[in-house]
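Peer 1: Just so it is clear, I am handing over protein-v3.txt, which has compact mmCIF, C-alpha atoms.
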```txt
# COMPACT_ATOMS: atom_id res chain seq x y z
CA MET A 1 129.03 115.16 49.81
CA THR A 2 132.80 114.94 49.64
CA SER A 3 133.70 117.46 52.31
CA ARG A 4 130.57 117.06 54.41
CA HIS A 5 131.21 118.02 58.01
CA TRP A 6 127.98 116.81 59.46
CA THR A 7 126.28 113.45 59.84
CA GLU A 8 122.63 112.61 59.44
CA SER A 9 122.53 111.45 63.04
CA GLU A 10 123.80 114.83 64.23
CA VAL A 11 121.24 116.74 62.23
CA ALA A 12 118.47 114.38 63.35
CA ALA A 13 119.55 114.79 66.97
CA TRP A 14 119.42 118.55 66.49
CA VAL A 15 115.86 118.31 65.16
CA ASP A 16 114.98 115.97 68.04
CA GLY A 17 116.37 118.48 70.55
CA ALA A 18 118.86 115.92 71.79
CA LEU A 19 122.10 117.89 71.48
CA SER A 20 123.98 119.83 74.11
CA PRO A 21 123.66 123.61 73.72
CA GLU A 22 127.13 123.90 72.16
CA GLU A 23 126.54 121.06 69.72
CA ALA A 24 123.11 122.43 68.89
CA ARG A 25 124.65 125.79 68.02
CA ARG A 26 127.23 124.14 65.79
CA ILE A 27 124.65 122.11 63.87
CA GLU A 28 122.32 125.07 63.65
CA GLY A 29 125.08 127.00 61.95
CA ILE A 30 125.71 124.17 59.55
CA VAL A 31 122.04 123.77 58.71
CA ALA A 32 121.80 127.47 57.98
CA GLN A 33 124.55 127.24 55.36
CA ASP A 34 124.47 123.73 53.99
CA ASP A 35 121.64 122.86 51.62
CA GLY A 36 122.07 119.15 52.20
CA ALA A 37 121.89 119.48 55.99
CA GLN A 38 118.93 121.80 55.66
CA ALA A 39 117.07 119.36 53.42
CA TYR A 40 117.77 116.48 55.77
CA ALA A 41 116.63 118.47 58.81
CA GLU A 42 113.42 119.33 56.99
CA ALA A 43 112.89 115.68 56.05
CA VAL A 44 113.31 114.57 59.66
CA ARG A 45 110.92 117.27 60.81
CA LYS A 46 108.31 116.25 58.25
CA SER A 47 108.76 112.61 59.12
CA ASN A 48 108.28 113.30 62.86
CA ALA A 49 105.20 115.39 62.18
CA ALA A 50 103.71 112.76 59.88
CA LEU A 51 104.32 110.00 62.43
CA GLN A 52 102.69 112.11 65.12
CA ASP A 53 99.68 112.63 62.85
CA ALA A 54 99.47 108.96 61.96
CA PHE A 55 99.22 107.80 65.56
CA ARG A 56 97.62 110.75 67.29
CA SER A 57 94.05 109.48 67.56
CA PRO A 58 94.38 108.08 71.13
CA LEU A 59 95.19 111.60 72.33
CA ASP A 60 91.73 112.77 71.27
CA GLU A 61 89.81 109.93 72.81
CA PRO A 62 88.57 109.28 76.35
CA VAL A 63 90.28 106.60 78.38
CA PRO A 64 88.65 103.28 77.39
CA ALA A 65 86.53 101.73 80.13
CA PRO A 66 88.53 98.48 80.47
CA ILE A 67 91.74 100.47 80.99
CA ARG A 68 90.10 102.69 83.59
CA ALA A 69 88.87 99.57 85.31
CA ALA A 70 92.35 98.08 85.29
CA ILE A 71 93.68 101.24 86.93
CA PHE A 72 91.00 101.81 89.52
CA GLY A 73 90.21 98.16 90.09
CA GLU A 74 92.16 95.83 92.32
CA PRO A 75 95.71 94.91 91.28
CA GLY A 76 95.79 91.99 88.91
CA LYS A 77 92.06 91.97 88.39
CA VAL A 78 90.63 93.15 85.15
CA ALA A 79 86.99 93.99 85.32
CA THR A 80 84.89 95.38 82.57
CA LEU A 81 82.96 98.10 84.26
CA PRO A 82 79.82 99.62 82.86
CA ARG A 83 81.43 103.00 82.88
CA ALA A 84 79.45 106.07 82.20
CA ARG A 85 80.14 107.85 78.96
CA TRP A 86 79.27 111.44 78.52
CA THR A 87 77.70 110.69 75.20
CA GLN A 88 75.25 108.34 76.83
CA SER A 89 72.23 109.23 78.79
CA TRP A 90 70.97 107.94 82.08
CA GLY A 91 71.13 104.27 81.38
CA PHE A 92 74.58 103.84 82.84
CA LEU A 93 73.52 104.40 86.41
CA ALA A 94 71.06 101.57 86.25
CA LEU A 95 73.86 99.23 85.23
CA ALA A 96 75.78 99.49 88.46
CA ALA A 97 74.66 96.81 90.84
CA SER A 98 73.76 97.43 94.44
CA VAL A 99 74.33 101.12 94.03
CA ALA A 100 73.71 102.98 97.19
CA ILE A 101 71.62 105.93 96.35
CA ALA A 102 70.99 109.11 98.15
CA VAL A 103 68.39 111.50 96.96
CA GLY A 104 67.29 114.54 98.75
CA VAL A 105 67.25 118.19 99.32
CA GLY A 106 68.86 118.18 102.75
CA ALA A 107 71.97 120.23 103.21
CA GLY A 108 75.05 118.02 103.10
CA GLY A 109 75.69 115.57 105.86
CA LEU A 110 75.60 112.41 103.83
CA VAL A 111 78.57 110.27 104.72
CA TRP A 112 79.31 107.10 102.87
CA THR A 113 82.29 105.86 104.77
CA ASP A 114 82.42 104.74 108.34
CA ASP A 115 85.65 106.57 108.96
CA GLY A 116 83.99 109.91 108.48
CA SER A 117 86.49 111.06 105.86
CA ALA A 118 85.51 114.06 103.81
CA ARG A 119 83.94 113.26 100.48
CA ILE A 120 84.23 115.30 97.35
CA ALA A 121 80.54 114.97 96.61
CA GLU A 122 77.79 115.23 99.17
CA LEU A 123 74.16 116.11 98.89
CA GLY A 124 73.41 119.78 99.13
CA ASN A 125 75.21 122.82 97.84
CA ALA A 126 78.75 122.19 96.64
CA ALA A 127 81.27 124.36 98.45
CA PRO A 128 82.19 127.23 96.09
CA ASP A 129 85.89 126.72 96.79
CA GLY A 130 85.72 122.94 96.49
CA PRO A 131 86.82 120.53 93.76
CA LEU A 132 83.29 119.56 92.78
CA TYR A 133 82.20 123.15 92.24
CA TYR A 134 85.32 123.84 90.21
CA ALA A 135 84.71 120.89 87.90
CA LEU A 136 81.00 121.56 87.44
CA GLU A 137 81.48 125.24 86.85
CA ILE A 138 84.28 125.27 84.31
CA LEU A 139 85.03 121.85 82.80
CA PRO A 140 83.52 120.57 79.55
CA SER A 141 81.89 117.15 79.82
CA GLY A 142 84.37 114.35 79.51
CA THR A 143 87.23 116.26 81.13
CA LEU A 144 88.78 114.92 84.31
CA SER A 145 89.76 117.45 86.95
CA PRO A 146 92.98 117.04 88.93
CA ASP A 147 90.83 116.01 91.90
CA GLY A 148 89.19 113.17 90.01
CA VAL A 149 85.88 114.82 89.18
CA ARG A 150 84.61 114.41 85.65
CA PRO A 151 81.42 116.09 84.42
CA MET A 152 79.75 113.54 82.14
CA LEU A 153 76.96 115.43 80.45
CA THR A 154 74.74 118.47 80.81
CA PHE A 155 70.96 118.68 80.55
CA ARG A 156 68.03 120.82 81.61
CA ASP A 157 65.53 119.60 84.15
CA ALA A 158 61.80 120.25 84.32
CA ASP A 159 62.40 123.69 85.89
CA ASP A 160 64.80 124.56 83.08
CA ARG A 161 67.73 124.47 85.44
CA ILE A 162 71.10 123.45 84.07
CA CYS A 163 72.07 120.10 85.58
CA ARG A 164 75.23 118.12 85.15
CA GLU A 165 75.89 114.48 85.65
CA PHE A 166 79.32 113.81 87.09
CA GLU A 167 81.52 111.05 88.40
CA VAL A 168 84.14 111.05 91.08
CA VAL A 169 86.96 108.58 90.61
CA GLY A 170 90.14 107.69 92.37
CA GLU A 171 89.16 108.25 95.96
CA LEU A 172 89.11 104.59 96.79
CA ALA A 173 90.11 101.60 94.72
CA ASN A 174 87.17 100.23 92.82
CA GLU A 175 84.82 102.83 94.09
CA PHE A 176 83.11 105.24 91.81
CA GLU A 177 80.54 107.79 92.68
CA PHE A 178 78.08 109.17 90.22
CA GLY A 179 76.01 112.19 90.86
CA VAL A 180 73.81 114.90 89.50
CA ALA A 181 74.05 118.54 90.45
CA CYS A 182 71.88 121.40 89.26
CA ARG A 183 72.79 125.04 89.03
CA ASN A 184 70.56 127.36 90.99
CA ALA A 185 70.27 131.09 91.33
CA ARG A 186 73.22 132.81 92.98
CA ASP A 187 75.62 130.54 91.10
CA THR A 188 75.31 127.57 93.39
CA TRP A 189 75.56 123.93 92.34
CA HIS A 190 73.21 121.75 94.32
CA VAL A 191 73.93 118.03 94.39
CA GLU A 192 70.61 116.29 93.91
CA ILE A 193 71.62 112.66 93.59
CA ILE A 194 74.60 110.57 94.51
CA ALA A 195 75.02 106.93 93.66
CA THR A 196 78.01 104.94 94.73
CA ALA A 197 79.07 101.46 93.75
CA PRO A 198 81.14 99.96 96.57
CA PRO A 199 84.22 97.80 95.90
CA THR A 200 82.47 94.58 96.82
CA ASP A 201 80.30 94.88 93.75
CA VAL A 202 83.06 94.14 91.34
CA ASN A 203 82.83 90.75 89.80
CA PRO A 204 86.28 90.12 88.29
CA GLU A 205 84.79 88.15 85.44
CA PHE A 206 81.79 90.14 84.46
CA GLY A 207 82.17 93.50 86.08
CA TYR A 208 79.11 94.75 87.83
CA SER A 209 76.09 92.54 87.73
CA PRO A 210 72.85 93.99 86.42
CA ALA A 211 71.03 96.40 88.62
CA SER A 212 67.97 95.32 90.45
CA GLY A 213 66.21 95.87 93.69
CA PRO A 214 65.13 98.89 95.62
CA ALA A 215 68.33 100.88 95.04
CA ALA A 216 67.92 100.88 91.27
CA ASP A 217 64.24 101.55 91.60
CA GLY A 218 64.99 104.50 93.83
CA LEU A 219 67.45 105.89 91.31
CA ASP A 220 64.98 105.65 88.49
CA ALA A 221 62.41 107.40 90.59
CA ALA A 222 64.88 110.16 91.43
CA LEU A 223 65.73 110.73 87.78
CA ASP A 224 62.09 110.70 86.85
CA ALA A 225 61.42 113.27 89.53
CA LEU A 226 64.00 115.61 87.99
CA GLU A 227 62.44 115.10 84.57
CA ALA A 228 65.85 115.14 82.99
CA GLY A 229 65.86 116.37 79.40
CA GLU A 230 68.08 115.10 76.64
CA PRO A 231 71.80 115.78 77.05
CA LEU A 232 72.81 119.11 75.56
CA HIS A 233 74.85 119.08 72.39
CA PRO A 234 78.55 119.71 73.11
CA GLU A 235 78.42 123.00 71.19
CA GLU A 236 75.55 124.24 73.28
CA GLU A 237 77.34 123.18 76.43
CA ALA A 238 80.51 124.94 75.25
CA GLN A 239 78.55 128.14 74.71
CA LEU A 240 77.00 127.92 78.16
CA LEU A 241 80.41 127.34 79.72
CA GLU A 242 81.79 130.35 77.91
CA ASP A 243 78.91 132.48 79.13
CA GLY A 244 79.27 131.26 82.70
CA TRP A 245 75.98 129.38 82.39
CA GLN A 246 74.15 132.69 82.00
CA SER A 247 72.74 132.39 78.50
CA LEU A 248 69.17 131.98 79.63
CA MET B 1 99.82 107.55 97.72
CA GLN B 2 98.35 104.67 95.72
CA ASN B 3 95.41 106.79 94.73
CA ALA B 4 97.66 109.59 93.58
CA ILE B 5 99.57 107.13 91.40
CA ARG B 6 96.36 105.74 89.93
CA GLN B 7 95.30 109.25 89.11
CA GLU B 8 98.63 110.00 87.49
CA MET B 9 98.43 106.72 85.62
CA VAL B 10 95.03 107.46 84.15
CA GLU B 11 96.35 110.79 82.92
CA LEU B 12 99.16 108.95 81.15
CA VAL B 13 96.78 106.62 79.34
CA PRO B 14 96.46 108.68 76.13
CA ARG B 15 100.23 108.73 75.71
CA MET B 16 100.54 105.06 76.59
CA ARG B 17 97.82 104.20 74.09
CA ARG B 18 99.57 106.18 71.39
CA PHE B 19 102.85 104.43 72.16
CA ALA B 20 101.18 101.01 72.13
CA TYR B 21 99.33 101.85 68.92
CA ALA B 22 102.60 102.77 67.24
CA LEU B 23 104.25 99.61 68.55
CA THR B 24 101.53 97.21 67.49
CA GLY B 25 99.97 98.98 64.51
CA SER B 26 96.56 98.20 65.96
CA LYS B 27 94.54 100.24 68.42
CA ASP B 28 92.77 97.18 69.81
CA GLU B 29 96.01 95.31 70.34
CA GLY B 30 97.56 98.47 71.74
CA ASP B 31 94.72 99.00 74.20
CA ASP B 32 95.03 95.42 75.33
CA LEU B 33 98.71 96.06 75.93
CA VAL B 34 98.05 99.22 77.93
CA GLN B 35 95.44 97.48 80.04
CA ALA B 36 97.85 94.64 80.80
CA ALA B 37 100.61 97.14 81.60
CA CYS B 38 98.40 99.04 84.05
CA ALA B 39 97.37 95.84 85.79
CA ARG B 40 100.98 94.71 86.02
CA ALA B 41 102.18 98.07 87.27
CA LEU B 42 99.58 98.19 90.02
CA GLY B 43 100.53 94.69 91.06
CA ARG B 44 104.14 95.82 91.41
CA LEU B 45 103.74 99.28 92.85
CA ASP B 46 106.29 98.38 95.51
CA GLN B 47 108.88 98.37 92.72
CA PHE B 48 108.10 101.91 91.68
CA GLN B 49 110.42 104.42 93.29
CA PRO B 50 108.56 107.54 94.38
CA GLY B 51 110.20 110.61 92.97
CA THR B 52 111.11 108.89 89.72
CA ARG B 53 109.11 109.31 86.56
CA LEU B 54 105.97 107.27 86.34
CA ASP B 55 105.74 107.73 82.57
CA SER B 56 109.14 106.16 81.94
CA TRP B 57 108.28 103.28 84.25
CA MET B 58 104.92 102.68 82.56
CA PHE B 59 106.38 102.90 79.06
CA ARG B 60 109.01 100.37 80.06
CA ILE B 61 106.30 97.99 81.29
CA VAL B 62 104.36 98.44 78.05
CA GLN B 63 107.49 97.63 76.07
CA THR B 64 108.36 94.63 78.26
CA ILE B 65 104.92 93.09 77.89
CA ARG B 66 105.07 93.80 74.18
CA LEU B 67 108.36 91.91 73.87
CA ASP B 68 107.00 89.02 75.94
CA ARG B 69 104.03 88.77 73.63
CA LEU B 70 106.14 89.04 70.50
CA ARG B 71 108.23 86.13 71.61
CA SER B 72 105.18 83.94 71.89
CA GLN B 73 103.35 85.33 68.87
CA ARG B 74 106.11 86.27 66.50
CA HIS B 75 104.76 84.37 63.57
CA ARG B 76 101.24 85.62 63.97
CA TYR B 77 102.34 89.22 64.22
CA HIS B 78 104.36 89.19 61.02
CA VAL B 79 101.47 87.67 59.14
CA ALA B 80 99.28 90.47 60.45
CA ALA B 81 101.79 93.11 59.36
CA ALA B 82 102.04 91.58 55.91
CA GLU B 83 98.26 91.57 55.57
CA MET B 84 98.18 95.18 56.61
CA MET B 85 100.69 96.08 53.90
CA GLU B 86 98.70 94.24 51.29
CA HIS B 87 95.53 95.99 52.30
CA VAL B 88 97.15 99.38 52.15
CA SER B 89 98.74 98.66 48.81
CA ASP B 90 95.28 97.98 47.42
CA GLY B 91 94.15 101.27 48.83
CA GLY B 92 97.05 103.00 47.15
CA ALA B 93 95.85 101.74 43.81
CA ALA B 94 92.65 103.64 44.30
CA ALA B 95 93.86 107.01 43.17
CA ARG B 96 90.70 108.74 44.27
CA GLN B 97 91.67 108.47 47.92
CA VAL B 98 92.71 111.67 49.55
CA GLU B 99 96.46 111.90 49.35
CA ALA B 100 97.10 112.99 52.92
CA ARG B 101 95.02 110.17 54.27
CA LEU B 102 96.79 107.72 52.07
CA THR B 103 100.14 108.97 53.25
CA LEU B 104 99.21 108.40 56.89
CA ASP B 105 97.83 104.95 56.10
CA ARG B 106 101.02 104.08 54.28
CA LEU B 107 103.11 105.50 57.05
CA ARG B 108 101.36 103.31 59.61
CA ALA B 109 101.89 100.33 57.37
CA GLU B 110 105.57 101.15 56.83
CA MET B 111 105.96 101.59 60.58
CA ALA B 112 104.58 98.07 61.01
CA THR B 113 107.23 96.64 58.72
CA LEU B 114 110.13 98.10 60.69
CA PRO B 115 112.05 95.78 62.99
CA ASP B 116 110.53 95.87 66.48
CA ASP B 117 113.50 97.55 68.12
CA GLN B 118 113.61 100.34 65.54
CA ARG B 119 109.89 100.91 65.77
CA ALA B 120 110.07 101.26 69.55
CA VAL B 121 112.78 103.92 69.35
CA LEU B 122 110.91 105.85 66.69
CA ALA B 123 107.66 105.67 68.67
CA LEU B 124 109.36 107.12 71.73
CA VAL B 125 111.49 109.81 70.11
CA ALA B 126 109.63 110.91 66.98
CA ILE B 127 106.07 110.41 68.22
CA ASP B 128 106.17 110.85 72.00
CA GLY B 129 109.02 113.36 71.93
CA CYS B 130 111.16 111.51 74.48
CA SER B 131 114.72 112.62 74.94
CA TYR B 132 117.33 110.14 73.75
CA ARG B 133 118.30 109.55 77.36
CA ASP B 134 114.74 108.72 78.40
CA ALA B 135 114.31 106.45 75.41
CA ALA B 136 117.55 104.68 76.32
CA GLU B 137 116.34 104.20 79.87
CA ILE B 138 112.91 102.94 78.85
CA LEU B 139 114.34 100.47 76.35
CA ASP B 140 117.31 99.62 78.56
CA ILE B 141 119.86 100.24 75.80
CA PRO B 142 122.79 102.70 75.47
CA ILE B 143 122.14 106.14 73.96
CA GLY B 144 124.41 105.24 71.05
CA THR B 145 122.10 102.35 70.24
CA VAL B 146 119.11 104.69 70.37
CA MET B 147 120.80 106.89 67.79
CA SER B 148 121.81 104.08 65.48
CA ARG B 149 118.38 102.46 65.58
CA LEU B 150 116.78 105.84 64.92
CA ALA B 151 119.05 106.43 61.96
CA ARG B 152 118.24 103.03 60.46
CA ALA B 153 114.51 103.43 61.07
CA ARG B 154 114.48 106.88 59.48
CA ALA B 155 116.57 105.84 56.53
CA ARG B 156 114.14 103.06 55.84
CA LEU B 157 110.97 105.10 56.38
CA MET B 158 112.17 108.07 54.37
CA GLY B 159 113.39 105.83 51.62
CA ARG B 160 109.99 104.17 51.34
CA MET B 161 107.99 107.33 51.80
CA GLY B 162 109.56 109.39 49.05
CA GLU B 163 107.06 112.19 49.45
CA LEU B 164 108.09 112.71 53.03
CA GLY B 165 111.74 113.17 52.21
```
Go ahead and render the structure in this file as structure tokens.
Peer 2:
Amino acid sequence: MTSRHWTESEVAAWVDGALSPEEARRIEGIVAQDDGAQAYAEAVRKSNAALQDAFRSPLDEPVPAPIRAAIFGEPGKVATLPRARWTQSWGFLALAASVAIAVGVGAGGLVWTDDGSARIAELGNAAPDGPLYYALEILPSGTLSPDGVRPMLTFRDADDRICREFEVVGELANEFEFGVACRNARDTWHVEIIATAPPTDVNPEFGYSPASGPAADGLDAALDALEAGEPLHPEEEAQLLEDGWQSL
Amino acid sequence: MQNAIRQEMVELVPRMRRFAYALTGSKDEGDDLVQAACARALGRLDQFQPGTRLDSWMFRIVQTIRLDRLRSQRHRYHVAAAEMMEHVSDGGAAARQVEARLTLDRLRAEMATLPDDQRAVLALVAIDGCSYRDAAEILDIPIGTVMSRLARARARLMGRMGELG
């Protein structure tokens, strides 16, 4: 200790990557030769790693619904939205009030906005070079694509087709779209259902009010018509993803 | 542009939650903090300078709200931290617990007993991997202060957590 030519702060800063290249080289040399410096560097490293372990759980969890709502809701308003969770089944769609629902087999052409802007999800086959196709084809459920598409869960329908429930977020404040697309022959993803909850549905106190009326009835009927099976287990989904959905 | 920022913000949420968890010692309290920070940020988007780092700005808002709350709830918080310590000490007496788990529990509890300013620096640098300069900017303190607070926080943690040192 008497002739120590390093300080704990210097060694810690070296471990933290906070030194200039010259300083880092100097401390690196010291650590290589000085048992005390080496032990301290190791202690700092262990301490950092243990702290990272102790608080890492949020990194492995999906974004909680109230936080998502705070981000995609209106500024200053905090709404508790009945957000879909990939671990849940169909119930979530029925929670969104006044959902506008489109069901059909027509090719595209469904426009939700008056301004005619392009939508990520429309009924019909998803464009193979588009963001929806990308997300459905390669992302595990629960993962958000850079374009705001998140596959929620995967199931098989009555015809044993692979279908995926998805949401599209971030296009417009407060607006979420939910949809279902099924994978057909020739590697196409066909959007079967879209439901959208417009901004006006947000009740700042209670979130969306319970679903009722013809829209919810129509959605139920559409899901019944698909005869959606239970969501696939994540491991099964992972295997299908790895095999390019070809395991059948 | 707003939508792009919202998108970027939602991608930052896991890191913000981790930061808030480390600051508060409680995931629920931390999530509440992150939610409040997001709402505040979106209400003040005009103050965000495009081209600067959204993560630093968001972390600063989390920390600011945290300090505001501490000022009004200081007493309550310290009671909570003390209770947490007591609980963990009981757990430590149960030698059957898995050692690694116990270490992380104790570490979280020790983190909660650090002074607020030291805990914030440690959360940014040791856990989030911020550079000293970014930490200084987020906390609005000089780099030298970042280093001295880090040194004190580590001395205290390592002293208490003998097995880590």
Peer 1: Could you list, as a ChimeraX atom specification, every residue within 10 Å of B:Tyr21, counting all atoms listed in the file and ignoring same-chain residues fewer than 4 positions away?
Peer 2: /A:54-58 /B:15-17,25-31,33-34,108,123
Peer 1: Find the distance between atom CA of A:Glu42 and atom CA of A:Val11 and write it in Å to one decimal.
Peer 2: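 Going from atom CA of A:Glu42 over to atom CA of A:Val11, I get 9.8 Å.
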Peer 1: Between atom CA of A:Trp245 and atom CA of A:Arg161, what is the distance, to one decimal in Å?
Peer 2: 10.1 Å
Peer 1: Give me, please, the distance in Å between atom CA of A:Trp189 and atom CA of A:His233, quoted to one decimal.
Peer 2: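 Here the two named atoms are 20.5 Å from each other.
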Peer 1: Can you work out which one of B:Leu122, B:Asp128, B:Ile141, B:Thr64 has the shortest atom-to-atom distance to A:Ala12, counting only C-alpha atoms?
Peer 2: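 Answer, going by the shortest atom-to-atom distance: B:Leu122.
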Peer 1: Select residues of chain B: the criterion is any atom within 8 Å of an atom of chain A, counting all atoms listed in the file; output as a ChimeraX atom specification.
Peer 2: /B:3-4,6-7,9-10,13-15,17-18,21-22,31,34-36,38-40,42-43,104-105,107-108,125-129,131-132,147-148,151,154,158,164-165
Peer 1: Let's have the selection written as a short mmCIF file (atom, residue, chain, number, x, y, z; two decimals), in the coordinates of the input, with C-alpha atoms.
Peer 2:
```cif
data_model
loop_
_atom_site.label_atom_id
_atom_site.label_comp_id
_atom_site.auth_asym_id
_atom_site.auth_seq_id
_atom_site.Cartn_x
_atom_site.Cartn_y
_atom_site.Cartn_z
CA ASN B 3 95.41 106.79 94.73
CA ALA B 4 97.66 109.59 93.58
CA ARG B 6 96.36 105.74 89.93
CA GLN B 7 95.30 109.25 89.11
CA MET B 9 98.43 106.72 85.62
CA VAL B 10 95.03 107.46 84.15
CA VAL B 13 96.78 106.62 79.34
CA PRO B 14 96.46 108.68 76.13
CA ARG B 15 100.23 108.73 75.71
CA ARG B 17 97.82 104.20 74.09
CA ARG B 18 99.57 106.18 71.39
CA TYR B 21 99.33 101.85 68.92
CA ALA B 22 102.60 102.77 67.24
CA ASP B 31 94.72 99.00 74.20
CA VAL B 34 98.05 99.22 77.93
CA GLN B 35 95.44 97.48 80.04
CA ALA B 36 97.85 94.64 80.80
CA CYS B 38 98.40 99.04 84.05
CA ALA B 39 97.37 95.84 85.79
CA ARG B 40 100.98 94.71 86.02
CA LEU B 42 99.58 98.19 90.02
CA GLY B 43 100.53 94.69 91.06
CA LEU B 104 99.21 108.40 56.89
CA ASP B 105 97.83 104.95 56.10
CA LEU B 107 103.11 105.50 57.05
CA ARG B 108 101.36 103.31 59.61
CA VAL B 125 111.49 109.81 70.11
CA ALA B 126 109.63 110.91 66.98
CA ILE B 127 106.07 110.41 68.22
CA ASP B 128 106.17 110.85 72.00
CA GLY B 129 109.02 113.36 71.93
CA SER B 131 114.72 112.62 74.94
CA TYR B 132 117.33 110.14 73.75
CA MET B 147 120.80 106.89 67.79
CA SER B 148 121.81 104.08 65.48
CA ALA B 151 119.05 106.43 61.96
CA ARG B 154 114.48 106.88 59.48
CA MET B 158 112.17 108.07 54.37
CA LEU B 164 108.09 112.71 53.03
CA GLY B 165 111.74 113.17 52.21
#
```
Peer 1: Looking at all atoms listed in the file, which of A:Leu136, A:Ile27, A:Val180, A:Ala126 is the one that sits closest to A:Arg150?
Peer 2: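 Closest residue, counting all atoms listed in the file: A:Leu136.
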